[in-house]
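J.: Please find run_32.cif (mmCIF, C-alpha atoms and all ligand atoms) on the next line:
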```cif
data_model
loop_
_atom_site.label_atom_id
_atom_site.label_comp_id
_atom_site.auth_asym_id
_atom_site.auth_seq_id
_atom_site.Cartn_x
_atom_site.Cartn_y
_atom_site.Cartn_z
CA MET Z 1 -138.27 93.11 11.35
CA THR Z 2 -138.69 96.17 9.19
CA GLY Z 3 -139.24 99.87 9.82
CA GLY Z 4 -137.27 100.22 13.10
CA GLY Z 5 -134.40 102.10 11.40
CA SER Z 6 -132.71 105.38 11.87
CA SER Z 7 -135.56 107.54 13.12
CA ALA Z 8 -135.88 105.09 16.00
CA ASN Z 9 -132.18 105.57 16.71
CA ARG Z 10 -132.50 109.35 16.65
CA GLU Z 11 -135.20 109.05 19.25
CA HIS Z 12 -133.11 106.63 21.29
CA ALA Z 13 -132.59 108.90 24.27
CA ARG Z 14 -136.21 109.82 24.85
CA VAL Z 15 -138.27 108.35 27.61
CA ALA Z 16 -141.58 108.16 25.81
CA SER Z 17 -144.71 109.31 27.54
CA GLY Z 18 -147.77 111.38 26.77
CA GLY Z 19 -146.16 114.62 28.04
CA SER Z 20 -144.53 116.97 25.54
CA ARG Z 21 -145.93 115.90 22.15
CA PRO Z 22 -148.24 118.13 20.11
CA ALA Z 23 -151.95 117.41 20.68
CA ALA Z 24 -152.44 115.86 17.22
CA SER Z 25 -149.90 113.08 17.85
CA ARG Z 26 -150.99 112.26 21.41
CA PRO Z 27 -152.46 108.79 21.82
CA ARG Z 28 -156.23 108.64 22.09
CA VAL Z 29 -155.93 106.00 24.76
CA ALA Z 30 -154.70 106.16 28.31
CA GLY Z 31 -152.92 102.97 29.21
CA GLN Z 32 -152.22 101.56 32.61
CA LEU Z 33 -149.65 98.85 33.30
CA CYS Z 34 -150.15 96.73 36.40
CA ARG Z 35 -146.53 95.53 36.34
CA PRO Z 36 -143.36 96.43 34.49
CA VAL Z 37 -142.98 94.94 31.01
CA PHE Z 38 -139.41 93.94 30.16
CA PHE Z 39 -138.39 93.48 26.53
CA VAL Z 40 -135.51 91.02 26.18
CA GLY Z 41 -133.74 89.54 23.19
CA PHE Z 42 -130.48 89.77 21.31
CA MET Z 43 -128.99 93.08 20.12
CA GLY Z 44 -130.95 94.27 17.08
CA ALA Z 45 -134.14 92.43 18.02
CA GLY Z 46 -136.08 95.73 18.02
CA LYS Z 47 -136.68 95.96 21.78
CA THR Z 48 -136.31 99.74 21.94
CA SER Z 49 -138.30 100.48 18.76
CA VAL Z 50 -141.16 98.17 19.76
CA ALA Z 51 -141.33 99.47 23.35
CA ARG Z 52 -141.33 103.05 22.09
CA ARG Z 53 -144.02 102.34 19.51
CA LEU Z 54 -146.21 100.68 22.11
CA ALA Z 55 -145.66 103.58 24.51
CA ARG Z 56 -146.88 105.98 21.83
CA THR Z 57 -149.92 104.01 20.78
CA CYS Z 58 -151.02 102.99 24.27
CA GLY Z 59 -150.21 106.15 26.21
CA VAL Z 60 -147.82 104.54 28.67
CA ALA Z 61 -144.21 105.38 29.50
CA SER Z 62 -141.17 103.52 28.20
CA VAL Z 63 -137.51 103.63 29.06
CA ASP Z 64 -134.44 102.17 27.39
CA MET Z 65 -132.25 100.58 30.03
CA ASP Z 66 -128.92 101.40 28.38
CA THR Z 67 -129.90 105.04 27.81
CA TYR Z 68 -131.01 105.30 31.44
CA LEU Z 69 -127.75 103.64 32.55
CA GLU Z 70 -125.62 105.97 30.38
CA ARG Z 71 -127.34 109.04 31.83
CA ARG Z 72 -127.00 107.76 35.37
CA GLU Z 73 -123.30 106.99 34.95
CA GLY Z 74 -122.50 109.94 32.67
CA LYS Z 75 -120.71 107.56 30.30
CA ARG Z 76 -121.45 105.59 27.15
CA VAL Z 77 -121.81 101.81 27.39
CA LYS Z 78 -118.67 101.31 25.33
CA GLU Z 79 -116.66 103.56 27.67
CA ILE Z 80 -117.84 101.55 30.67
CA PHE Z 81 -116.77 98.32 28.92
CA ALA Z 82 -113.38 99.88 28.10
CA GLU Z 83 -112.80 101.17 31.65
CA SER Z 84 -114.37 98.48 33.82
CA GLY Z 85 -114.78 95.46 31.53
CA GLU Z 86 -117.93 93.45 31.02
CA ASP Z 87 -118.15 92.56 34.74
CA GLY Z 88 -118.13 96.24 35.70
CA PHE Z 89 -120.87 96.94 33.18
CA ARG Z 90 -122.97 93.98 34.42
CA ASP Z 91 -122.74 95.23 38.04
CA ILE Z 92 -124.19 98.59 36.99
CA GLU Z 93 -126.77 96.86 34.79
CA THR Z 94 -128.08 94.81 37.74
CA ASP Z 95 -128.33 97.95 39.86
CA VAL Z 96 -130.26 99.75 37.12
CA LEU Z 97 -132.57 96.78 36.58
CA ARG Z 98 -133.45 96.79 40.30
CA GLU Z 99 -134.06 100.53 40.16
CA LEU Z 100 -136.35 100.32 37.12
CA ALA Z 101 -138.24 97.31 38.48
CA ALA Z 102 -139.08 99.30 41.61
CA LYS Z 103 -140.55 102.31 39.77
CA ASP Z 104 -144.18 102.78 38.76
CA PRO Z 105 -144.64 100.17 35.99
CA LEU Z 106 -142.94 101.06 32.71
CA LEU Z 107 -142.17 99.43 29.39
CA VAL Z 108 -138.45 98.67 29.74
CA SER Z 109 -136.27 97.74 26.77
CA CYS Z 110 -133.39 95.80 28.30
CA GLY Z 111 -129.83 95.38 27.07
CA GLY Z 112 -129.38 92.08 25.24
CA GLY Z 113 -127.12 90.61 27.92
CA VAL Z 114 -129.40 91.29 30.89
CA VAL Z 115 -130.32 87.61 31.06
CA LYS Z 116 -126.73 86.46 31.63
CA ARG Z 117 -126.90 86.79 35.43
CA SER Z 118 -129.25 84.51 37.30
CA GLU Z 119 -129.89 87.36 39.73
CA ASN Z 120 -131.24 89.46 36.84
CA ARG Z 121 -133.34 86.60 35.53
CA ALA Z 122 -134.96 86.33 38.97
CA ILE Z 123 -135.75 90.08 38.99
CA LEU Z 124 -137.22 89.94 35.48
CA HIS Z 125 -139.33 86.93 36.29
CA ASP Z 126 -140.50 88.01 39.74
CA ALA Z 127 -141.11 91.72 39.13
CA GLY Z 128 -142.45 91.89 35.60
CA PHE Z 129 -143.96 90.48 32.46
CA VAL Z 130 -141.24 89.49 30.01
CA VAL Z 131 -141.54 89.81 26.23
CA TYR Z 132 -138.84 87.93 24.33
CA LEU Z 133 -138.26 89.30 20.83
CA LYS Z 134 -136.48 86.61 18.82
CA VAL Z 135 -133.90 87.43 16.15
CA THR Z 136 -130.93 85.60 14.63
CA ALA Z 137 -127.46 87.15 14.80
CA ASP Z 138 -127.41 87.38 11.00
CA GLU Z 139 -130.68 89.26 10.81
CA ALA Z 140 -129.61 91.46 13.73
CA LYS Z 141 -126.43 92.41 11.86
CA SER Z 142 -128.45 93.64 8.91
CA ARG Z 143 -130.50 95.86 11.26
CA ILE Z 144 -127.68 97.38 13.30
CA SER Z 145 -126.19 100.28 11.38
CA ASP Z 146 -123.28 100.90 13.76
CA THR Z 147 -121.90 97.91 15.65
CA SER Z 148 -119.10 100.06 17.16
CA THR Z 149 -121.50 101.08 19.95
CA ARG Z 150 -121.99 97.40 20.84
CA PRO Z 151 -118.80 96.01 22.38
CA LEU Z 152 -120.18 92.45 22.22
CA PHE Z 153 -121.13 92.59 18.53
CA GLN Z 154 -117.73 92.91 16.94
CA ASN Z 155 -117.84 90.07 14.43
CA ILE Z 156 -120.60 87.86 13.11
CA GLU Z 157 -119.02 84.53 14.15
CA SER Z 158 -118.82 85.44 17.84
CA ALA Z 159 -122.24 87.14 17.68
CA ARG Z 160 -123.76 83.92 16.31
CA GLN Z 161 -122.24 81.95 19.15
CA THR Z 162 -123.34 84.47 21.81
CA ALA Z 163 -126.87 84.54 20.40
CA GLU Z 164 -126.99 80.74 20.43
CA GLU Z 165 -125.78 80.53 24.04
CA ARG Z 166 -128.41 83.01 25.19
CA VAL Z 167 -131.45 81.37 23.60
CA PRO Z 168 -132.18 79.16 26.66
CA LEU Z 169 -131.72 82.15 28.99
CA TYR Z 170 -134.23 84.27 27.09
CA ALA Z 171 -136.61 81.31 26.94
CA GLU Z 172 -136.28 80.78 30.69
CA VAL Z 173 -137.59 84.27 31.55
CA ALA Z 174 -140.06 84.77 28.69
CA ASP Z 175 -143.78 85.11 29.38
CA ILE Z 176 -144.32 85.47 25.64
CA THR Z 177 -142.01 84.92 22.68
CA ILE Z 178 -142.38 86.73 19.37
CA ASP Z 179 -140.40 85.83 16.28
CA THR Z 180 -139.56 89.16 14.67
CA ALA Z 181 -138.38 87.83 11.28
CA GLY Z 182 -140.00 89.73 8.41
CA LYS Z 183 -142.33 91.71 10.68
CA SER Z 184 -142.62 95.50 10.98
CA VAL Z 185 -142.17 97.31 14.30
CA ALA Z 186 -145.88 98.22 14.14
CA ALA Z 187 -146.94 94.59 13.61
CA ILE Z 188 -144.78 93.37 16.48
CA ALA Z 189 -146.10 96.14 18.74
CA ARG Z 190 -149.67 95.12 17.89
CA GLU Z 191 -148.88 91.48 18.77
CA VAL Z 192 -147.34 92.54 22.09
CA GLN Z 193 -150.29 94.83 22.87
CA ALA Z 194 -152.79 92.05 22.26
CA ALA Z 195 -150.85 89.70 24.56
CA LEU Z 196 -150.51 92.32 27.32
CA GLU Z 197 -154.24 93.09 27.21
CA LYS Z 198 -155.14 89.40 27.19
CA GLU Z 199 -152.88 88.73 30.20
CA GLY Z 200 -154.35 91.71 32.07
CA VAL Z 201 -150.96 93.43 32.24
CA LEU Z 202 -152.15 96.42 30.19
CA CYS Z 203 -155.53 98.11 30.58
CA LEU Z 204 -156.59 100.67 27.99
CA GLN Z 205 -159.15 103.41 28.44
CA ARG Z 206 -160.29 104.80 25.08
CA LYS Z 207 -160.61 108.61 25.31
C1 LIG G 1 -125.31 93.95 25.22
C2 LIG G 1 -126.32 94.59 24.54
C3 LIG G 1 -126.42 96.04 24.46
C4 LIG G 1 -125.73 96.71 25.66
C5 LIG G 1 -124.35 96.20 25.81
C6 LIG G 1 -124.28 94.68 26.01
C7 LIG G 1 -125.25 92.46 25.21
O1 LIG G 1 -127.80 96.45 24.43
O2 LIG G 1 -126.45 96.48 26.84
O3 LIG G 1 -123.61 96.58 24.66
O4 LIG G 1 -124.52 91.88 26.03
O5 LIG G 1 -125.99 91.85 24.39
P1 LIG G 1 -128.79 96.25 23.15
O6 LIG G 1 -129.31 94.85 23.21
O7 LIG G 1 -129.85 97.27 23.38
O8 LIG G 1 -127.98 96.51 21.93
#
```
As structure tokens, what does this structure read like?
T.:
Amino acid sequence: MTGGGSSANREHARVASGGSRPAASRPRVAGQLCRPVFFVGFMGAGKTSVARRLARTCGVASVDMDTYLERREGKRVKEIFAESGEDGFRDIETDVLRELAAKDPLLVSCGGGVVKRSENRAILHDAGFVVYLKVTADEAKSRISDTSTRPLFQNIESARQTAEERVPLYAEVADITIDTAGKSVAAIAREVQAALEKEGVLCLQRK
């Protein structure tokens, strides 16, 4: 994937919606989701960048699950891992997933490990439409500028193994799978948009 880079990271904390942007950059479409759309895939797959791009072009709201979780808890993900371990983080993650799944439908970019718990996989599958963005650990490493914020991406060997172990879990929940290798954020977003419209998950009204 190309073009997700640092401006996407700067925007990381924003919940995208039509609201506060200047008129010229507002989307000329008003989108309506009939169920939540969950983006899953390994760290660095481009979930947040693609969800945000789609939110902008289709006039729907998006939220990044980790950003939402950090605001709710008042702590960074890496602090939660340090204080409560991975299990503590996963408990909060499940709670947040339930909360987001119950809201008016949003584009939700999920943390890469959300599929680890079967309970979460059931929520993803039952409540939403799941977009799996595929990436290898090696390609992900080249996209992630700062791995220090990702407690489970500390060295490439363990990341490769984790990515490998999760492939069947992502595949189990996926309604569509998109290989992101060599594609721009815009191209991936277009592919997702086409699939969501075709499946009747996203309806667009041109203004
Ligand atoms: C994790 C991925 C991270 C974050 C946490 C754990 C994982 O999210 O939830 O560090 O287990 O793969 P991103 O996939 O957005 O980096």
J.: From the set Z:Ala174, Z:Leu107, Z:Ala127, Z:Ala102, which residue has the shortest atom-to-atom contact distance to Z:Ala51, counting only C-alpha atoms?
T.: Z:Leu107
J.: Which one is closest to Z:Val77: Z:Thr48, Z:Thr149, Z:Ser118, Z:Thr57? Count all atoms listed in the file.
T.: Z:Thr149
J.: Kindly work out which residues sit at most 8 Å from ligand LIG 1 (chain G), using only C-alpha atoms and all ligand atoms, and give the list as a PDB file with C-alpha atoms, in the coordinates of the input.
T.:
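Output file out-v3.pdb is given in full below:
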```pdb
ATOM      1  CA  VAL Z  40    -135.510  91.020  26.180  1.00  0.00           C
ATOM      2  CA  GLY Z  41    -133.740  89.540  23.190  1.00  0.00           C
ATOM      3  CA  PHE Z  42    -130.480  89.770  21.310  1.00  0.00           C
ATOM      4  CA  MET Z  43    -128.990  93.080  20.120  1.00  0.00           C
ATOM      5  CA  GLY Z  44    -130.950  94.270  17.080  1.00  0.00           C
ATOM      6  CA  ALA Z  45    -134.140  92.430  18.020  1.00  0.00           C
ATOM      7  CA  LYS Z  47    -136.680  95.960  21.780  1.00  0.00           C
ATOM      8  CA  THR Z  48    -136.310  99.740  21.940  1.00  0.00           C
ATOM      9  CA  ASP Z  64    -134.440 102.170  27.390  1.00  0.00           C
ATOM     10  CA  MET Z  65    -132.250 100.580  30.030  1.00  0.00           C
ATOM     11  CA  ASP Z  66    -128.920 101.400  28.380  1.00  0.00           C
ATOM     12  CA  VAL Z  77    -121.810 101.810  27.390  1.00  0.00           C
ATOM     13  CA  LYS Z  78    -118.670 101.310  25.330  1.00  0.00           C
ATOM     14  CA  GLU Z  93    -126.770  96.860  34.790  1.00  0.00           C
ATOM     15  CA  SER Z 109    -136.270  97.740  26.770  1.00  0.00           C
ATOM     16  CA  CYS Z 110    -133.390  95.800  28.300  1.00  0.00           C
ATOM     17  CA  GLY Z 111    -129.830  95.380  27.070  1.00  0.00           C
ATOM     18  CA  GLY Z 112    -129.380  92.080  25.240  1.00  0.00           C
ATOM     19  CA  GLY Z 113    -127.120  90.610  27.920  1.00  0.00           C
ATOM     20  CA  VAL Z 114    -129.400  91.290  30.890  1.00  0.00           C
ATOM     21  CA  THR Z 149    -121.500 101.080  19.950  1.00  0.00           C
ATOM     22  CA  ARG Z 150    -121.990  97.400  20.840  1.00  0.00           C
ATOM     23  CA  PRO Z 151    -118.800  96.010  22.380  1.00  0.00           C
ATOM     24  CA  LEU Z 152    -120.180  92.450  22.220  1.00  0.00           C
ATOM     25  CA  PHE Z 153    -121.130  92.590  18.530  1.00  0.00           C
TER      26      PHE Z 153
END
```
J.: Counting all atoms listed in the file, what is within 10 Å of stretch 29-36 of chain Z, bar same-chain residues fewer than 4 positions away, as a PyMOL selection string?
T.: chain Z and resi 18+55-62+100-108+124+127-130+196-197+200-207
J.: Please write the residues from the selection above to a file, keeping C-alpha atoms, as a PDB file, in the frame of the given file.
T.:
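Contents of out_3.pdb, as written:
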```pdb
ATOM      1  CA  GLY Z  18    -147.770 111.380  26.770  1.00  0.00           C
ATOM      2  CA  ALA Z  55    -145.660 103.580  24.510  1.00  0.00           C
ATOM      3  CA  ARG Z  56    -146.880 105.980  21.830  1.00  0.00           C
ATOM      4  CA  THR Z  57    -149.920 104.010  20.780  1.00  0.00           C
ATOM      5  CA  CYS Z  58    -151.020 102.990  24.270  1.00  0.00           C
ATOM      6  CA  GLY Z  59    -150.210 106.150  26.210  1.00  0.00           C
ATOM      7  CA  VAL Z  60    -147.820 104.540  28.670  1.00  0.00           C
ATOM      8  CA  ALA Z  61    -144.210 105.380  29.500  1.00  0.00           C
ATOM      9  CA  SER Z  62    -141.170 103.520  28.200  1.00  0.00           C
ATOM     10  CA  LEU Z 100    -136.350 100.320  37.120  1.00  0.00           C
ATOM     11  CA  ALA Z 101    -138.240  97.310  38.480  1.00  0.00           C
ATOM     12  CA  ALA Z 102    -139.080  99.300  41.610  1.00  0.00           C
ATOM     13  CA  LYS Z 103    -140.550 102.310  39.770  1.00  0.00           C
ATOM     14  CA  ASP Z 104    -144.180 102.780  38.760  1.00  0.00           C
ATOM     15  CA  PRO Z 105    -144.640 100.170  35.990  1.00  0.00           C
ATOM     16  CA  LEU Z 106    -142.940 101.060  32.710  1.00  0.00           C
ATOM     17  CA  LEU Z 107    -142.170  99.430  29.390  1.00  0.00           C
ATOM     18  CA  VAL Z 108    -138.450  98.670  29.740  1.00  0.00           C
ATOM     19  CA  LEU Z 124    -137.220  89.940  35.480  1.00  0.00           C
ATOM     20  CA  ALA Z 127    -141.110  91.720  39.130  1.00  0.00           C
ATOM     21  CA  GLY Z 128    -142.450  91.890  35.600  1.00  0.00           C
ATOM     22  CA  PHE Z 129    -143.960  90.480  32.460  1.00  0.00           C
ATOM     23  CA  VAL Z 130    -141.240  89.490  30.010  1.00  0.00           C
ATOM     24  CA  LEU Z 196    -150.510  92.320  27.320  1.00  0.00           C
ATOM     25  CA  GLU Z 197    -154.240  93.090  27.210  1.00  0.00           C
ATOM     26  CA  GLY Z 200    -154.350  91.710  32.070  1.00  0.00           C
ATOM     27  CA  VAL Z 201    -150.960  93.430  32.240  1.00  0.00           C
ATOM     28  CA  LEU Z 202    -152.150  96.420  30.190  1.00  0.00           C
ATOM     29  CA  CYS Z 203    -155.530  98.110  30.580  1.00  0.00           C
ATOM     30  CA  LEU Z 204    -156.590 100.670  27.990  1.00  0.00           C
ATOM     31  CA  GLN Z 205    -159.150 103.410  28.440  1.00  0.00           C
ATOM     32  CA  ARG Z 206    -160.290 104.800  25.080  1.00  0.00           C
ATOM     33  CA  LYS Z 207    -160.610 108.610  25.310  1.00  0.00           C
TER      34      LYS Z 207
END
```
J.: In Å, how far is it from atom CA of Z:Glu86 to atom CA of Z:Asp175?
T.: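 Rounded to one decimal, the two atoms are 27.2 Å apart.
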J.: Mind pulling up the distance from atom CA of Z:Glu164 to atom CA of Z:Thr94?
T.: 22.3 Å
J.: What is the atom CA of Z:Val192-atom CA of Z:Asp146 distance in Å, reported with one decimal?
T.: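 Taking atom CA of Z:Val192 as the start and atom CA of Z:Asp146 as the end point, the length is 26.8 Å.
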J.: Measuring between only C-alpha atoms, which one of Z:Arg121, Z:Arg143, Z:Lys198, Z:Arg190 shows the shortest distance to Z:Arg53?
T.: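 Using only C-alpha atoms, Z:Arg53 sits closest to Z:Arg190.
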J.: Which is closer to Z:His125 than all the others in Z:Ala82, Z:Ala140, Z:Ile92, Z:Val173, using only C-alpha atoms?
T.: Z:Val173
J.: Nearest to Z:Arg76 among Z:Thr136, Z:Ser148, Z:Asn120, Z:Ser49, with distances taken over all atoms listed in the file: which residue is it?
T.: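 Distance minimum relative to Z:Arg76 lands on Z:Ser148.
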J.: Which is closest to Z:Gln161 among Z:Asp138, Z:Glu191, Z:Glu73, Z:Asp87, if we use only C-alpha atoms?
T.: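 Among Z:Asp138, Z:Glu191, Z:Glu73, Z:Asp87, it is Z:Asp138 that comes nearest to Z:Gln161.
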